[in-house]
Structure formats: structure tokens, C-alpha cells
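Below is start32.cif, which holds mmCIF, C-alpha atoms.
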data_work
loop_
_atom_site.label_atom_id
_atom_site.label_comp_id
_atom_site.auth_asym_id
_atom_site.auth_seq_id
_atom_site.Cartn_x
_atom_site.Cartn_y
_atom_site.Cartn_z
CA MET A 10 163.37 149.63 76.44
CA ASN A 11 163.98 145.92 75.90
CA LEU A 12 162.26 142.56 76.30
CA THR A 13 164.83 141.06 78.67
CA ASP A 14 163.64 143.26 81.53
CA GLU A 15 160.21 142.48 82.99
CA LYS A 16 159.79 146.19 83.66
CA TYR A 17 159.11 146.42 79.93
CA SER A 18 158.24 142.91 78.76
CA GLN A 19 155.15 142.63 80.99
CA TYR A 20 153.34 145.06 78.71
CA ALA A 21 151.71 144.04 75.44
CA LEU A 22 152.32 147.59 74.21
CA VAL A 23 156.09 147.18 74.51
CA ARG A 24 156.05 143.69 72.99
CA GLU A 25 154.08 144.99 70.02
CA MET A 26 156.43 147.93 69.58
CA MET A 27 159.30 145.46 69.46
CA ASP A 28 157.37 143.30 66.94
CA THR A 29 157.77 146.26 64.58
CA ILE A 30 161.36 145.19 63.97
CA ASP A 31 160.29 142.00 62.19
CA VAL A 32 157.31 143.71 60.53
CA VAL A 33 159.75 146.07 58.80
CA LYS A 34 162.33 143.37 58.06
CA ASN A 35 159.77 141.09 56.40
CA PHE A 36 157.75 143.74 54.57
CA ASP A 37 156.87 142.64 51.02
CA ARG A 38 156.68 145.61 48.68
CA ASN A 39 155.60 143.36 45.80
CA GLN A 40 152.11 142.99 47.25
CA THR A 41 151.17 146.47 46.04
CA GLY A 42 152.41 146.21 42.46
CA ASN A 43 149.03 145.56 40.84
CA VAL A 44 147.03 147.98 42.95
CA ALA A 45 149.65 150.67 42.27
CA ASN A 46 148.95 150.34 38.55
CA GLU A 47 145.22 150.66 39.17
CA ILE A 48 145.66 153.75 41.33
CA GLN A 49 147.97 155.37 38.81
CA SER A 50 145.35 154.88 36.11
CA VAL A 51 142.69 156.52 38.30
CA GLY A 52 144.92 159.50 39.10
CA SER A 53 143.40 160.42 42.48
CA LEU A 54 143.69 158.60 45.78
CA LEU A 55 141.96 159.14 49.13
CA LEU A 56 143.46 157.49 52.21
CA THR A 57 140.91 157.37 55.00
CA GLY A 58 140.47 155.80 58.41
CA GLU A 59 140.22 156.91 62.01
CA GLY A 60 142.99 157.81 64.47
CA SER A 61 146.29 156.00 64.10
CA SER A 62 145.14 154.11 61.00
CA ARG A 63 145.15 157.42 59.13
CA ILE A 64 147.46 159.98 60.76
CA PHE A 65 150.95 158.71 59.95
CA PRO A 66 150.18 156.28 57.12
CA ALA A 67 148.24 158.83 55.08
CA LYS A 68 150.20 161.97 55.84
CA ASN A 69 153.56 160.28 55.26
CA ALA A 70 152.25 159.25 51.84
CA ILE A 71 151.05 162.77 51.05
CA ARG A 72 154.39 164.31 51.98
CA LYS A 73 156.21 161.77 49.82
CA THR A 74 153.86 162.41 46.90
CA LEU A 75 154.44 166.16 46.98
CA THR A 76 158.18 165.91 47.63
CA TRP A 77 158.71 163.49 44.77
CA GLY A 78 156.49 165.46 42.39
CA LEU A 79 154.14 162.59 41.55
CA ASP A 80 151.41 163.15 38.98
CA LEU A 81 148.93 161.79 41.50
CA ASN A 82 146.43 163.59 43.69
CA VAL A 83 146.63 162.08 47.19
CA ALA A 84 144.36 163.36 49.96
CA THR A 85 143.17 162.32 53.40
CA ASP A 86 140.33 163.08 55.78
CA GLY A 87 138.29 161.17 58.32
CA SER A 88 135.59 158.89 56.94
CA ARG A 89 132.61 161.02 57.97
CA GLN A 90 134.00 164.10 56.24
CA SER A 91 135.14 162.05 53.27
CA ALA A 92 131.60 160.73 52.86
CA GLN A 93 130.53 164.28 51.96
CA TYR A 94 132.95 164.42 49.02
CA ASP A 95 132.39 163.45 45.39
CA LEU A 96 134.65 160.40 45.30
CA SER A 97 133.39 158.98 42.02
CA ASP A 98 136.76 159.60 40.36
CA PHE A 99 138.93 158.58 43.32
CA ALA A 100 140.53 155.34 44.34
CA VAL A 101 139.84 155.02 48.07
CA PHE A 102 141.75 153.04 50.68
CA CYS A 103 139.68 152.42 53.82
CA ALA A 104 141.94 151.50 56.74
CA SER A 105 140.61 149.79 59.86
CA ASN A 106 142.63 147.22 61.78
CA SER A 107 139.50 145.67 63.25
CA GLY A 108 137.57 145.90 59.99
CA ARG A 109 134.63 147.00 62.14
CA THR A 110 135.15 150.76 62.54
CA LYS A 111 131.71 152.25 61.92
CA GLU A 112 132.74 155.43 60.10
CA VAL A 113 135.01 153.50 57.71
CA VAL A 114 132.51 150.72 57.01
CA LEU A 115 129.74 153.19 56.23
CA LEU A 116 131.97 155.08 53.79
CA ALA A 117 132.90 151.86 52.02
CA LYS A 118 129.23 150.94 51.73
CA LYS A 119 128.44 154.35 50.25
CA LEU A 120 131.23 153.93 47.69
CA ALA A 121 129.74 150.58 46.72
CA GLU A 122 126.30 152.17 46.33
CA ILE A 123 127.60 154.82 43.91
CA GLY A 124 129.45 152.17 41.90
CA ASN A 125 133.02 153.15 42.78
CA GLU A 126 134.98 150.03 41.85
CA HIS A 127 138.26 151.39 43.18
CA ARG A 128 137.52 150.85 46.86
CA TYR A 129 140.09 148.97 48.87
CA ALA A 130 140.36 147.85 52.47
CA LEU A 131 143.47 147.69 54.62
CA SER A 132 142.93 145.65 57.78
CA ALA A 133 144.64 143.40 60.33
CA ASN A 134 141.80 140.86 60.14
CA LYS A 135 140.27 138.63 57.49
CA GLY A 136 136.57 138.16 56.81
CA THR A 137 135.41 141.49 58.22
CA ILE A 138 132.40 143.68 57.50
CA LEU A 139 134.75 146.16 55.83
CA GLU A 140 136.07 143.43 53.54
CA GLU A 141 132.51 142.67 52.43
CA ALA A 142 132.02 146.32 51.46
CA CYS A 143 135.27 146.71 49.49
CA ARG A 144 136.29 145.29 46.13
CA GLU A 145 139.72 144.18 47.31
CA THR A 146 141.18 143.78 50.80
CA PHE A 147 144.79 143.70 51.90
CA VAL A 148 145.51 142.07 55.26
CA LEU A 149 148.43 143.25 57.35
CA THR A 150 150.97 140.63 58.40
CA CYS A 151 151.48 142.21 61.84
CA GLY A 152 148.35 140.61 63.26
CA TRP A 153 145.83 141.92 65.75
CA GLU A 154 147.25 144.11 68.52
CA GLN A 155 146.36 143.50 72.17
CA ALA A 156 147.35 146.97 73.43
CA VAL A 157 144.84 149.79 72.95
CA ALA A 158 147.50 152.06 71.43
CA ALA A 159 148.24 150.95 67.86
CA THR A 160 151.95 150.64 67.05
CA LYS A 161 153.27 147.96 64.71
CA SER A 162 150.17 148.25 62.50
CA VAL A 163 150.83 151.97 62.02
CA ILE A 164 154.29 151.25 60.62
CA GLU A 165 153.06 148.48 58.31
CA GLN A 166 150.18 150.61 57.01
CA ALA A 167 152.61 153.43 56.22
CA LEU A 168 155.06 151.09 54.48
CA PHE A 169 152.14 149.67 52.48
CA TYR A 170 150.96 153.05 51.19
CA GLU A 171 154.50 154.23 50.55
CA SER A 172 155.26 151.11 48.53
CA ILE A 173 152.38 152.01 46.21
CA LEU A 174 154.02 155.37 45.54
CA ARG A 175 157.42 153.75 45.02
CA HIS A 176 155.95 151.40 42.42
CA ILE A 177 154.38 154.32 40.57
CA THR A 178 157.66 156.25 40.51
CA ASN A 179 160.00 153.22 40.20
CA ARG A 180 161.79 154.70 43.20
CA GLU A 181 163.98 152.35 45.21
CA ILE A 182 164.22 152.46 48.99
CA PRO A 183 167.37 154.25 50.29
CA VAL A 184 168.19 151.38 52.67
CA SER A 185 167.00 147.77 52.61
CA TYR A 186 164.12 146.75 54.86
CA THR A 187 166.62 144.62 56.78
CA GLU A 188 168.79 147.69 57.38
CA LEU A 189 165.73 149.75 58.26
CA SER A 190 164.62 147.13 60.78
CA GLY A 191 168.01 147.40 62.49
CA MET A 192 167.58 151.16 62.74
CA VAL A 193 164.08 150.66 64.14
CA GLU A 194 165.50 148.33 66.78
CA ASN A 195 168.16 150.87 67.69
CA ALA A 196 165.54 153.63 68.03
CA LEU A 197 163.34 151.43 70.22
CA THR A 198 166.11 150.26 72.54
CA MET A 199 168.41 153.28 72.78
CA SER A 200 168.84 154.90 76.19
CA ILE A 201 166.98 158.15 76.73
CA ASP A 202 168.59 160.92 78.78
CA PRO A 203 166.96 160.79 82.26
CA ASP A 204 166.82 164.59 82.31
CA ILE A 205 164.50 164.51 79.28
CA ILE A 206 162.22 162.00 80.99
CA LYS A 207 162.18 164.06 84.20
CA ALA A 208 161.29 167.25 82.31
CA ALA A 209 158.45 165.48 80.49
CA VAL A 210 157.12 163.91 83.68
CA ASN A 211 156.96 167.33 85.32
CA ALA A 212 155.41 169.07 82.32
CA LYS A 213 151.76 170.08 82.38
CA THR A 214 151.57 169.73 78.60
CA ILE A 215 153.82 167.82 76.21
CA PHE A 216 153.94 169.48 72.79
CA PHE A 217 155.14 167.96 69.53
CA ALA A 218 156.16 170.12 66.59
CA GLY A 219 157.42 169.33 63.12
CA TYR A 220 156.41 168.43 59.60
CA ASN A 221 152.81 167.68 58.76
CA ASP A 222 153.75 164.11 57.81
CA GLY A 223 151.99 162.40 60.69
CA VAL A 224 154.98 161.66 62.93
CA ALA A 225 154.59 164.47 65.47
CA GLU A 226 150.80 164.25 65.27
CA GLU A 227 150.80 160.50 65.90
CA LEU A 228 153.19 160.94 68.84
CA THR A 229 150.77 163.51 70.24
CA LEU A 230 147.99 160.92 70.20
CA LYS A 231 150.31 158.29 71.70
CA THR A 232 151.23 160.72 74.49
CA ASN A 233 147.57 160.80 75.54
CA GLU A 234 147.20 157.02 75.34
CA ILE A 235 150.53 156.01 76.89
CA THR A 236 151.38 158.74 79.43
CA ARG A 237 147.86 160.14 80.14
CA LYS A 238 149.46 163.59 79.78
CA LYS A 239 147.83 166.44 77.89
CA SER A 240 149.52 166.93 74.55
CA ASP A 241 149.21 169.08 71.45
CA PHE A 242 150.52 168.88 67.89
CA LEU A 243 152.02 172.11 66.58
CA GLU A 244 152.39 171.76 62.83
CA GLY A 245 155.14 173.75 61.11
CA THR A 246 155.80 177.02 62.94
CA TYR A 247 152.51 176.97 64.85
CA ALA A 248 154.65 176.70 68.02
CA VAL A 249 155.90 180.25 67.53
CA HIS A 250 152.77 181.89 66.14
CA GLY A 251 150.61 182.61 69.15
CA ILE A 252 150.39 179.50 71.30
CA GLU A 253 153.46 180.64 73.24
CA GLU A 254 151.06 183.05 74.96
CA VAL A 255 149.59 180.17 76.99
CA MET A 256 152.69 177.99 77.32
CA ASP A 257 154.32 177.49 80.68
CA LYS A 258 158.05 177.34 81.44
CA ASN A 259 157.50 173.83 82.82
CA ASP A 260 156.00 172.59 79.52
CA ILE A 261 158.18 170.70 77.06
CA VAL A 262 158.30 170.78 73.25
CA PHE A 263 159.64 167.90 71.19
CA VAL A 264 160.57 169.03 67.69
CA VAL A 265 160.78 166.17 65.20
CA ASP A 266 163.45 166.69 62.50
CA PRO A 267 163.59 170.48 62.96
CA ILE A 268 163.91 172.56 59.80
CA GLU A 269 167.22 174.43 59.93
CA GLU A 270 165.69 177.77 58.95
CA GLU A 271 163.21 177.56 61.84
CA ILE A 272 165.60 176.60 64.66
CA GLU A 273 166.61 180.15 65.59
CA LYS A 274 162.99 181.26 65.87
CA PHE A 275 162.16 178.30 68.12
CA LYS A 276 165.10 179.21 70.35
CA GLU A 277 164.08 182.86 70.48
CA VAL A 278 160.39 182.32 71.23
CA LEU A 279 160.31 179.10 73.22
CA VAL A 280 163.67 178.81 74.97
CA ASP A 281 164.52 182.48 75.54
CA GLY A 282 160.93 183.78 75.60
CA VAL A 283 158.83 181.17 77.41
CA GLY A 284 161.80 179.57 79.13
CA LEU A 285 160.68 176.00 78.46
CA LYS A 286 162.71 172.98 77.39
CA VAL A 287 162.92 172.09 73.70
CA VAL A 288 164.11 168.61 72.71
CA ALA A 289 164.78 167.54 69.14
CA ILE A 290 164.29 164.07 67.69
CA ALA A 291 166.63 164.07 64.72
CA ASN A 292 169.27 162.16 62.76
CA ARG A 293 171.81 164.92 63.36
CA GLU A 294 172.96 167.13 66.19
CA THR A 295 170.91 170.28 66.81
CA PRO A 296 171.29 173.31 69.12
CA PHE A 297 168.65 171.68 71.35
CA THR A 298 169.00 168.63 73.57
CA THR A 299 168.75 165.93 70.91
CA VAL A 300 167.47 162.36 70.83
CA LYS A 301 169.73 161.34 67.96
CA VAL A 302 168.80 158.45 65.69
CA GLN A 303 170.34 156.89 62.59
CA ASP A 304 169.79 158.40 59.14
CA ALA A 305 167.52 156.30 56.92
CA GLY A 306 167.18 158.87 54.15
CA ASP A 307 163.56 159.48 53.20
CA LEU A 308 162.58 156.55 55.44
CA SER A 309 163.76 158.45 58.52
CA PRO A 310 160.20 159.34 59.63
CA TYR A 311 159.74 155.68 60.62
CA ILE A 312 162.80 155.95 62.85
CA TYR A 313 161.60 159.20 64.42
CA LEU A 314 158.26 157.60 65.26
CA CYS A 315 159.91 154.59 66.91
CA ALA A 316 162.25 156.81 68.92
CA GLY A 317 159.19 158.73 70.07
CA TRP A 318 157.54 155.50 71.22
CA ASN A 319 160.65 154.65 73.23
CA LEU A 320 160.52 158.07 74.83
CA LEU A 321 156.83 157.81 75.71
CA VAL A 322 157.21 154.35 77.26
CA GLU A 323 159.92 155.69 79.56
CA ILE A 324 157.73 158.65 80.51
CA GLY A 325 154.75 156.41 81.16
CA LEU A 326 156.74 154.03 83.35
CA ALA A 327 158.26 156.96 85.27
CA LEU A 328 154.70 158.10 85.98
CA GLY A 329 153.70 154.65 87.21
CA ILE A 330 151.21 154.14 84.36
CA ASN A 331 149.82 150.74 83.37
CA LEU A 332 150.71 151.01 79.69
CA ASP A 333 148.11 148.46 78.58
CA LYS A 334 145.05 149.80 80.39
CA PRO A 335 143.89 153.32 79.64
CA GLN A 336 140.78 154.14 81.62
CA ARG A 337 138.60 155.46 78.78
CA ALA A 338 140.24 154.78 75.41
CA ARG A 339 138.99 151.70 73.55
CA LYS A 340 140.59 149.44 70.95
CA VAL A 341 137.74 149.93 68.50
CA GLY A 342 136.63 153.51 68.99
CA ASN A 343 133.24 153.20 67.29
CA GLU A 344 132.24 149.70 66.23
CA TYR A 345 129.84 149.03 63.36
CA LEU A 346 126.91 146.96 64.64
CA GLY A 347 124.81 146.97 61.50
CA GLN A 348 122.84 150.18 62.04
#
Transcribe the structure of this file into C-alpha cells.
Amino acid sequence: MNLTDEKYSQYALVREMMDTIDVVKNFDRNQTGNVANEIQSVGSLLLTGEGSSRIFPAKNAIRKTLTWGLDLNVATDGSRQSAQYDLSDFAVFCASNSGRTKEVVLLAKKLAEIGNEHRYALSANKGTILEEACRETFVLTCGWEQAVAATKSVIEQALFYESILRHITNREIPVSYTELSGMVENALTMSIDPDIIKAAVNAKTIFFAGYNDGVAEELTLKTNEITRKKSDFLEGTYAVHGIEEVMDKNDIVFVVDPIEEEIEKFKEVLVDGVGLKVVAIANRETPFTTVKVQDAGDLSPYIYLCAGWNLLVEIGLALGINLDKPQRARKVGNEYLGQ
């Protein structure tokens, strides 16, 4: 996709996806230096929010924490479930782009009531109800999104959380944010094989499989919002542990960054067994049809997500979908009105 063709540029969704390039390029990791020290001293961190504000930002951070061996307990759950936990010894980040998401606001208010001073807000707006309930608020630079499907904010939220972890570990980024932004642009504008688009258009269900780091799960949500197709996230090897019983040969499975040791099983069960098409999104060639992107080291998940957006836009347009106007989904899923 590109902004020089009205086929794409007419949609706020596409324009906001392309805004991600500058969001990455201009990201300021220094903004999280002080809060990183506070979180490290607490020792436990909960990242909460609803939908896209939580899936990739939080789960990418958890995967990084465990992979790097941080002496920090990082967890995530939705705000309603989190409100049932004893969070007195946790630092809590409450993410809501609108700053008005009911579940998130109510959790922040509860934290204030129990005297938790380590409650932080991450929002795309200033002066919100959520900001009033939190001790400190960080405002995203990406600005408010017009499209219902969140895009550029998801990337900035994830970079924000990850920068906290990098401060704690003194770990440098493998490529500069300028280099990463170039890779993001390439992933967003690269041509997608028309055969992949055709297979997805004809599929009853579009499945995403891969690591539990939020990428495949977030693309599953975006599939619903952008293409109006049914979709399912198959974490790890879930795709070959029973669900194949109800898969159809016309379905399609996108595997994000497939684990080498699992490839043969996916081929055996899904390709040879069910007879469906498997497509990989990866920074290397695979035995499957592959949407190949550049290698950004441990920042590659951002590139996979952007390549997935590109793919979904092409599918949506091929289906004749108005990308900006889902019929039921709303920008603020459940707004706090003071009850």
C-alpha cells in the first residue's frame, strides 16, 4: 500500500498505518528513564488495558522480560480481571488511548483507593478521566486516531513499554529507530503476492499462529476489524493439537515467525492433512509461501505486525470493504460516564 494512490490514501486507517513510520523514527526512549527506576524498585509490573492497547504492547514486553531473564515480574490481564487481584505490591500501567475506557478507569480508581502510588496512565489524550485517577500520565506522540482499528498507537505503546525494560537492563536496541522506521516502511509498502490475497479472500476463516507475544493475536483482532472475516489466534502449536478437526481446506493459516522445530508438524497436519494453505510472515525463507521482511533482531515483531497490516488492507480492499467504517465496532468500546 502507499499514499500516492487514492485507492489507499482515501482511508484514515491506511494514513495512520503510514504515520507509524514517523512514530518509530521519532520515538524518545529517554522519556521512560525515571519510571523505569521506579518500576525496578517495585519489582512487579502489571500492564493492563482493553483490546489493542494491551495485546501486543503487554505481551511483547512479557516475552522480552522472560527472554532477557529480567529480575522483574511482568504480567497482563484485562482491567476487570485485574481488579480482582491483590495489586498492592505492583506497579500498574493503565493503557487507554481515549483515557475514557470504563474498565481501565475503574481499575485506576480502585488502585487510588487502596493507596497504590505506582499507578500510571498511558494515553493518546491529555486531561482525561484516567489521568485524574493515576499518579503520573504519559501521553503518546502519535495523536488520536480517526480509524476504529488502532494501529500507530499500538506500535508506540509497545515501544514505550519495551523502552522501560531496556532501561532496566541497560540493553541497547539492535538497530536505530531511524533504521527500524525504514524497515516499517518497507513492510507497509511491499507488494503482497496476489495468490495469497486470493486465498485469504476465499477463506471461511483466517487463522494466525505463532508466539504468544501479541503479534499474531493482534493481527487476529485486526482481521475482524479490517476484513470482516472470521479469524482465530492459535498460540504455539495449538494449530496442530485438535483444531485441525474443524478446519477446512479453503481456510488459510498465517504463521508469524515460525519456530524451526515446529515447521514439519505444521506441514504434516495442516498442509498434508487438512490440505489448506499455510503462509509464513518471517525475516527468512521458510518451506511455506513466505511474506519475507527485513531482520530487525529482537525488534522484528514490530516489522511482522506492520507486514500483517499491509496484508489485511489488501484483503479488505479485495473484498470491497470500507476500511474506516465497521458496522458494529466502536472506537471507545465501553466509555466511562461517571457511573
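Ranking A:Val32, A:Val264, A:Ala196, A:Ala104 by their shortest atom-to-atom distance to Ile64 in chain A, with all atoms listed in the file included, puts A:Ala104 first.
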For this file, the PyMOL selection byres ((chain A and resi 149) around 8) selects which residues, as a PDB file with C-alpha atoms, in the coordinates of the input?
ATOM      1  CA  LEU A 131     143.470 147.690  54.620  1.00  0.00           C
ATOM      2  CA  SER A 132     142.930 145.650  57.780  1.00  0.00           C
ATOM      3  CA  ALA A 133     144.640 143.400  60.330  1.00  0.00           C
ATOM      4  CA  ASN A 134     141.800 140.860  60.140  1.00  0.00           C
ATOM      5  CA  PHE A 147     144.790 143.700  51.900  1.00  0.00           C
ATOM      6  CA  VAL A 148     145.510 142.070  55.260  1.00  0.00           C
ATOM      7  CA  THR A 150     150.970 140.630  58.400  1.00  0.00           C
ATOM      8  CA  CYS A 151     151.480 142.210  61.840  1.00  0.00           C
ATOM      9  CA  GLY A 152     148.350 140.610  63.260  1.00  0.00           C
ATOM     10  CA  SER A 162     150.170 148.250  62.500  1.00  0.00           C
ATOM     11  CA  GLU A 165     153.060 148.480  58.310  1.00  0.00           C
ATOM     12  CA  GLN A 166     150.180 150.610  57.010  1.00  0.00           C
TER      13      GLN A 166
END
query = How would you write, as a ChimeraX atom specification, the residues chosen by the PyMOL selection byres ((chain A and resi 272-276) around 12) on this structure?
reply = /A:218-219,243,245-250,253,262-271,277-289,295-298
Go ahead and find all residues with at least one atom no further than 10 Å from (150.2, 145.5, 69.1) in the file's coordinates, using all atoms listed in the file; report them as a PDB file with C-alpha atoms, in the frame of the given file.
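As a result, part.pdb now contains:
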ATOM      1  CA  ALA A  21     151.710 144.040  75.440  1.00  0.00           C
ATOM      2  CA  LEU A  22     152.320 147.590  74.210  1.00  0.00           C
ATOM      3  CA  VAL A  23     156.090 147.180  74.510  1.00  0.00           C
ATOM      4  CA  ARG A  24     156.050 143.690  72.990  1.00  0.00           C
ATOM      5  CA  GLU A  25     154.080 144.990  70.020  1.00  0.00           C
ATOM      6  CA  MET A  26     156.430 147.930  69.580  1.00  0.00           C
ATOM      7  CA  MET A  27     159.300 145.460  69.460  1.00  0.00           C
ATOM      8  CA  ASP A  28     157.370 143.300  66.940  1.00  0.00           C
ATOM      9  CA  THR A  29     157.770 146.260  64.580  1.00  0.00           C
ATOM     10  CA  CYS A 151     151.480 142.210  61.840  1.00  0.00           C
ATOM     11  CA  GLY A 152     148.350 140.610  63.260  1.00  0.00           C
ATOM     12  CA  TRP A 153     145.830 141.920  65.750  1.00  0.00           C
ATOM     13  CA  GLU A 154     147.250 144.110  68.520  1.00  0.00           C
ATOM     14  CA  GLN A 155     146.360 143.500  72.170  1.00  0.00           C
ATOM     15  CA  ALA A 156     147.350 146.970  73.430  1.00  0.00           C
ATOM     16  CA  VAL A 157     144.840 149.790  72.950  1.00  0.00           C
ATOM     17  CA  ALA A 158     147.500 152.060  71.430  1.00  0.00           C
ATOM     18  CA  ALA A 159     148.240 150.950  67.860  1.00  0.00           C
ATOM     19  CA  THR A 160     151.950 150.640  67.050  1.00  0.00           C
ATOM     20  CA  LYS A 161     153.270 147.960  64.710  1.00  0.00           C
ATOM     21  CA  SER A 162     150.170 148.250  62.500  1.00  0.00           C
ATOM     22  CA  VAL A 163     150.830 151.970  62.020  1.00  0.00           C
TER      23      VAL A 163
END
note = Among A:Ser185, A:Thr229, A:Ser53, A:Asn39, Phe65 in chain A is approached most closely, using only C-alpha atoms, by A:Thr229
request  = Between A:Arg237, A:Lys258, A:Lys73, A:Lys119, single out the one closest to Ser91 in chain A, counting only C-alpha atoms.
outcome  = A:Lys119
task = Could you jot down the CA of Gly223 in chain A to CA of Phe102 in chain A separation for me, Å, one decimal place?
result =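 Calculated distance between CA of Gly223 in chain A and CA of Phe102 in chain A is 17.1 Å.
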key: Distance criterion (only C-alpha atoms): nearest to Asp260 in chain A out of A:Asn69, A:Asn221, A:Thr187, A:Thr214   =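 Nearest candidate to Asp260 in chain A out of A:Asn69, A:Asn221, A:Thr187, A:Thr214: A:Thr214.
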task = Carefully work through the PyMOL selection byres ((chain A and resi 95) around 12) for this structure and note down the residues it includes, as a PyMOL selection string.
result = chain A and resi 53+55+90-94+96-101+116+119-120+123+125
Since we have the selection now, will you write its residues out, keeping C-alpha atoms, as a PDB file, in the coordinates of the input?
ATOM      1  CA  SER A  53     143.400 160.420  42.480  1.00  0.00           C
ATOM      2  CA  LEU A  55     141.960 159.140  49.130  1.00  0.00           C
ATOM      3  CA  GLN A  90     134.000 164.100  56.240  1.00  0.00           C
ATOM      4  CA  SER A  91     135.140 162.050  53.270  1.00  0.00           C
ATOM      5  CA  ALA A  92     131.600 160.730  52.860  1.00  0.00           C
ATOM      6  CA  GLN A  93     130.530 164.280  51.960  1.00  0.00           C
ATOM      7  CA  TYR A  94     132.950 164.420  49.020  1.00  0.00           C
ATOM      8  CA  LEU A  96     134.650 160.400  45.300  1.00  0.00           C
ATOM      9  CA  SER A  97     133.390 158.980  42.020  1.00  0.00           C
ATOM     10  CA  ASP A  98     136.760 159.600  40.360  1.00  0.00           C
ATOM     11  CA  PHE A  99     138.930 158.580  43.320  1.00  0.00           C
ATOM     12  CA  ALA A 100     140.530 155.340  44.340  1.00  0.00           C
ATOM     13  CA  VAL A 101     139.840 155.020  48.070  1.00  0.00           C
ATOM     14  CA  LEU A 116     131.970 155.080  53.790  1.00  0.00           C
ATOM     15  CA  LYS A 119     128.440 154.350  50.250  1.00  0.00           C
ATOM     16  CA  LEU A 120     131.230 153.930  47.690  1.00  0.00           C
ATOM     17  CA  ILE A 123     127.600 154.820  43.910  1.00  0.00           C
ATOM     18  CA  ASN A 125     133.020 153.150  42.780  1.00  0.00           C
TER      19      ASN A 125
END
ask   = Nearest to Lys334 in chain A among A:Val302, A:Cys103, A:Ile235, A:Val255, with distances taken over all atoms listed in the file: which residue is it?
value =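 Closest residue, counting all atoms listed in the file: A:Ile235.
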inquiry  = Show me, as a ChimeraX atom specification, the residues that have an atom within 7 Å of range 320-325 of chain A when counting only C-alpha atoms, minus same-chain residues fewer than 2 positions from it.
reply    = /A:201,206,209-210,232,235-236,316-318,327-330,332
Among listed residues A:Asp80, A:Glu122, A:Lys207, A:Arg63, nearest Asp222 in chain A (using only C-alpha atoms) =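 Looking at the shortest contact to Asp222 in chain A, the residue is A:Arg63.
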request  = Skip Asn11 in chain A itself and residues of its chain fewer than 6 positions away, then list as a VMD selection string all residues within 8 Å of it, counting all atoms listed in the file.
outcome  = chain A and resid 17 to 18 27 197 to 198
message = Rounded to one decimal, what separation in Å do you get between CA of Ile173 in chain A and CA of Thr41 in chain A?
response =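 Straight-line distance from CA of Ile173 in chain A to CA of Thr41 in chain A works out to 5.7 Å.
Atom pair CA of Ile205 in chain A / CA of Met256 in chain A: separated by 18.0 Å.
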